[in-house]
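K.L.:
Take a look at the following structure, please.
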Amino acid sequence: MVQKISLQDDEIIFLKGKSGTVGVAKFAKNGHIFIGTPDKEEIVIFLEKKDIIAVSSFNSGPVAENGIRSLIFLLREVGSPLVVLPENHPTSQRLPLVASCGEKVRLDCNITPGTHPEQNILCACDDLSGVEIKASNEGIQINGSFKNFKIDKINF
């Protein structure tokens, strides 16, 4: 199933699964984000206004949504870098949130959180695995099956 959803620069959409939530917002400006890798390299990804920030939480409810809002703020407004952990790093199991930025993001429950520098894949809960989110000038296009979502205004 394909859904086109209008999404303004001051809005965030929450895709809700039984065991987690993914929040998606526009990057809303032309800019870049730095990614620190386990190989002691730094990757720079350049983003356009229509590109998206997707943040995945393995929890649900107001605390998860506030965390998602906060990480989107840090990435978009403060310019906080993303950090990628090496495979089998013990902290991977304790990450409350993981993020991906770019033109398209595919949600996948079969990857280890925080260990993928590729920005086209994001660890998510089982219910949202396989969903693909693509940026468009008008909002986003979501390919896949999900039933529960809401759009909230975000005030930056």
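To be explicit about the labels: the chains of the structure tokens are called A, B, and onward in the order shown, and within each one the residues are counted from 1, while ligands get numbers from 1 in the order they are shown.
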I'd like to know which residues of chain A are strand (DSSP E or B) (by DSSP, run on the backbone); could you write them as a PyMOL selection string?
P.N.:
chain A and resi 2-6+11-16+21-26+31-36+42-47+52-57+82-83+97-102+104-108+121-123+132-135+139-143+148-153
K.L.:
Per residue of range 17-45 of chain A within 10 Å of range 75-97 of chain A, note the shortest atom pair and the distance in Å to one decimal, counting only C-alpha atoms, and order the rows by chain and increasing residue number, as JSON lines.
P.N.:
{"residue": "A:Thr21", "atom": "CA", "partner": "A:Leu97", "partner_atom": "CA", "distance": 9.8}
{"residue": "A:Val22", "atom": "CA", "partner": "A:Leu97", "partner_atom": "CA", "distance": 9.3}
{"residue": "A:Ala25", "atom": "CA", "partner": "A:Arg76", "partner_atom": "CA", "distance": 9.5}
{"residue": "A:Lys26", "atom": "CA", "partner": "A:Arg76", "partner_atom": "CA", "distance": 8.9}
{"residue": "A:Phe27", "atom": "CA", "partner": "A:Arg76", "partner_atom": "CA", "distance": 6.1}
{"residue": "A:Ala28", "atom": "CA", "partner": "A:Arg76", "partner_atom": "CA", "distance": 7.9}
{"residue": "A:Lys29", "atom": "CA", "partner": "A:Arg76", "partner_atom": "CA", "distance": 8.4}
{"residue": "A:Gly31", "atom": "CA", "partner": "A:Arg76", "partner_atom": "CA", "distance": 8.8}
{"residue": "A:His32", "atom": "CA", "partner": "A:Gly79", "partner_atom": "CA", "distance": 8.0}
{"residue": "A:Ile33", "atom": "CA", "partner": "A:Pro81", "partner_atom": "CA", "distance": 6.0}
{"residue": "A:Phe34", "atom": "CA", "partner": "A:Pro81", "partner_atom": "CA", "distance": 4.8}
{"residue": "A:Ile35", "atom": "CA", "partner": "A:Leu82", "partner_atom": "CA", "distance": 4.7}
{"residue": "A:Gly36", "atom": "CA", "partner": "A:Val83", "partner_atom": "CA", "distance": 4.8}
{"residue": "A:Thr37", "atom": "CA", "partner": "A:Val84", "partner_atom": "CA", "distance": 5.0}
{"residue": "A:Pro38", "atom": "CA", "partner": "A:Pro86", "partner_atom": "CA", "distance": 5.2}
{"residue": "A:Asp39", "atom": "CA", "partner": "A:Pro86", "partner_atom": "CA", "distance": 8.3}
{"residue": "A:Glu42", "atom": "CA", "partner": "A:Val83", "partner_atom": "CA", "distance": 9.3}
{"residue": "A:Ile43", "atom": "CA", "partner": "A:Leu82", "partner_atom": "CA", "distance": 9.6}
{"residue": "A:Val44", "atom": "CA", "partner": "A:Pro81", "partner_atom": "CA", "distance": 9.4}
K.L.:
With N, CA, C and O atoms retained, write the just-selected residues as a JSON list (two decimals), in the first residue's frame.
P.N.:
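The resulting part_19.json:
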[["chain", "number", "residue", "atom", "x", "y", "z"],
["A", 21, "THR", "N", 7.85, 3.17, 17.95],
["A", 21, "THR", "CA", 7.36, 4.33, 17.22],
["A", 21, "THR", "C", 8.46, 4.89, 16.35],
["A", 21, "THR", "O", 9.63, 4.91, 16.77],
["A", 22, "VAL", "N", 8.12, 5.35, 15.16],
["A", 22, "VAL", "CA", 9.05, 6.06, 14.29],
["A", 22, "VAL", "C", 8.49, 7.44, 14.03],
["A", 22, "VAL", "O", 7.32, 7.57, 13.68],
["A", 25, "ALA", "N", 10.26, 13.79, 10.14],
["A", 25, "ALA", "CA", 10.09, 15.22, 9.90],
["A", 25, "ALA", "C", 10.96, 15.61, 8.71],
["A", 25, "ALA", "O", 11.91, 14.91, 8.36],
["A", 26, "LYS", "N", 10.62, 16.73, 8.11],
["A", 26, "LYS", "CA", 11.44, 17.29, 7.03],
["A", 26, "LYS", "C", 12.72, 17.85, 7.63],
["A", 26, "LYS", "O", 12.71, 18.37, 8.75],
["A", 27, "PHE", "N", 13.83, 17.80, 6.89],
["A", 27, "PHE", "CA", 15.05, 18.46, 7.33],
["A", 27, "PHE", "C", 14.85, 19.98, 7.30],
["A", 27, "PHE", "O", 15.40, 20.71, 8.11],
["A", 28, "ALA", "N", 14.02, 20.45, 6.38],
["A", 28, "ALA", "CA", 13.49, 21.81, 6.34],
["A", 28, "ALA", "C", 14.50, 22.89, 5.99],
["A", 28, "ALA", "O", 14.21, 24.07, 6.15],
["A", 29, "LYS", "N", 15.67, 22.52, 5.52],
["A", 29, "LYS", "CA", 16.67, 23.49, 5.07],
["A", 29, "LYS", "C", 17.73, 22.74, 4.28],
["A", 29, "LYS", "O", 17.79, 21.51, 4.32],
["A", 31, "GLY", "N", 21.48, 21.72, 4.10],
["A", 31, "GLY", "CA", 22.54, 21.64, 5.09],
["A", 31, "GLY", "C", 23.23, 20.29, 5.05],
["A", 31, "GLY", "O", 23.18, 19.57, 4.06],
["A", 32, "HIS", "N", 23.86, 19.94, 6.15],
["A", 32, "HIS", "CA", 24.59, 18.68, 6.21],
["A", 32, "HIS", "C", 24.58, 18.13, 7.64],
["A", 32, "HIS", "O", 24.30, 18.86, 8.59],
["A", 33, "ILE", "N", 24.88, 16.85, 7.72],
["A", 33, "ILE", "CA", 25.03, 16.17, 9.00],
["A", 33, "ILE", "C", 26.32, 15.35, 8.92],
["A", 33, "ILE", "O", 26.61, 14.71, 7.90],
["A", 34, "PHE", "N", 27.07, 15.35, 10.01],
["A", 34, "PHE", "CA", 28.30, 14.56, 10.11],
["A", 34, "PHE", "C", 27.97, 13.22, 10.75],
["A", 34, "PHE", "O", 27.15, 13.14, 11.66],
["A", 35, "ILE", "N", 28.63, 12.17, 10.26],
["A", 35, "ILE", "CA", 28.45, 10.82, 10.80],
["A", 35, "ILE", "C", 29.82, 10.29, 11.18],
["A", 35, "ILE", "O", 30.71, 10.17, 10.33],
["A", 36, "GLY", "N", 30.01, 9.97, 12.47],
["A", 36, "GLY", "CA", 31.24, 9.35, 12.93],
["A", 36, "GLY", "C", 31.13, 7.84, 12.80],
["A", 36, "GLY", "O", 30.14, 7.26, 13.24],
["A", 37, "THR", "N", 32.12, 7.20, 12.18],
["A", 37, "THR", "CA", 32.06, 5.75, 11.92],
["A", 37, "THR", "C", 33.01, 4.99, 12.84],
["A", 37, "THR", "O", 33.94, 5.57, 13.40],
["A", 38, "PRO", "N", 32.81, 3.67, 12.97],
["A", 38, "PRO", "CA", 33.72, 2.85, 13.78],
["A", 38, "PRO", "C", 35.14, 2.81, 13.21],
["A", 38, "PRO", "O", 36.08, 2.47, 13.92],
["A", 39, "ASP", "N", 35.29, 3.16, 11.93],
["A", 39, "ASP", "CA", 36.61, 3.16, 11.29],
["A", 39, "ASP", "C", 37.37, 4.46, 11.54],
["A", 39, "ASP", "O", 38.36, 4.74, 10.86],
["A", 42, "GLU", "N", 34.94, 10.27, 9.29],
["A", 42, "GLU", "CA", 33.77, 11.12, 9.40],
["A", 42, "GLU", "C", 33.18, 11.29, 8.01],
["A", 42, "GLU", "O", 33.87, 11.70, 7.08],
["A", 43, "ILE", "N", 31.91, 10.94, 7.89],
["A", 43, "ILE", "CA", 31.19, 11.06, 6.63],
["A", 43, "ILE", "C", 30.30, 12.29, 6.73],
["A", 43, "ILE", "O", 29.71, 12.55, 7.78],
["A", 44, "VAL", "N", 30.21, 13.04, 5.66],
["A", 44, "VAL", "CA", 29.31, 14.20, 5.62],
["A", 44, "VAL", "C", 28.21, 13.87, 4.61],
["A", 44, "VAL", "O", 28.51, 13.51, 3.46]]
K.L.:
Could you check the closest approach to Gly130 in chain A for each of A:Arg106, A:Lys40, A:Lys16, A:Arg69 and tell me which residue wins, using only C-alpha atoms?
P.N.:
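Closest to Gly130 in chain A, using only C-alpha atoms: A:Arg106.
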K.L.:
For CA of Lys49 in chain A and CA of Asn110 in chain A, determine how far apart the two atoms are, in Å to one decimal place.
P.N.:
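CA of Asn110 in chain A lies 29.8 Å from CA of Lys49 in chain A.
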K.L.:
Excluding Ser100 in chain A and its own-chain neighbours fewer than 3 positions away, which residues fall within 7 Å of it when counting only C-alpha atoms? Please give them as a PyMOL selection string.
P.N.:
chain A and resi 53-55+119-120+122
K.L.:
Include N, CA and C atoms and write out the residues we just selected as a CSV table (one decimal), in the first residue's frame.
P.N.:
chain,number,residue,atom,x,y,z
A,53,ILE,N,14.2,13.4,8.2
A,53,ILE,CA,14.9,12.8,9.4
A,53,ILE,C,13.9,11.8,9.9
A,54,ALA,N,14.4,10.5,10.1
A,54,ALA,CA,13.5,9.5,10.7
A,54,ALA,C,14.2,9.0,12.0
A,55,VAL,N,13.4,9.0,13.0
A,55,VAL,CA,14.0,8.6,14.3
A,55,VAL,C,13.1,7.4,14.8
A,119,GLN,N,22.5,5.6,5.3
A,119,GLN,CA,21.4,6.4,5.8
A,119,GLN,C,20.1,6.1,5.1
A,120,ASN,N,20.1,5.0,4.4
A,120,ASN,CA,18.8,4.5,3.7
A,120,ASN,C,18.2,3.4,4.4
A,122,LEU,N,17.0,1.9,8.6
A,122,LEU,CA,16.9,2.3,10.0
A,122,LEU,C,16.2,1.1,10.7
K.L.:
I'd like to know which of A:Ser56, A:Thr115, A:Ser70, A:Gln8 is closest to Asn137 in chain A, using only C-alpha atoms.
P.N.:
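Selected residue with least distance to Asn137 in chain A: A:Gln8.
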K.L.:
Can you check which residues of range 6-151 of chain A DSSP gives as alpha helix (DSSP H) on the backbone and send them as a list in words?
P.N.:
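Written out, the alpha helix (DSSP H) residues of range 6-151 of chain A are Pro62, Val63, Ala64, Glu65, Asn66, Gly67, Ile68, Arg69, Ser70, Leu71, Ile72 and Phe73 of chain A.
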K.L.:
Quick check, in Å to one decimal: how far apart do CA of Gly20 in chain A and CA of Ala124 in chain A lie?
P.N.:
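Going from CA of Gly20 in chain A over to CA of Ala124 in chain A, I get 7.2 Å.
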K.L.:
Let me make sure I understand: among A:Val24, A:Ile45, A:Asp51, A:Leu15, which one has the smallest atom-to-atom distance to Ile72 in chain A if we use only C-alpha atoms?
P.N.:
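Of A:Val24, A:Ile45, A:Asp51, A:Leu15, the one nearest Ile72 in chain A is A:Val24, counting only C-alpha atoms.
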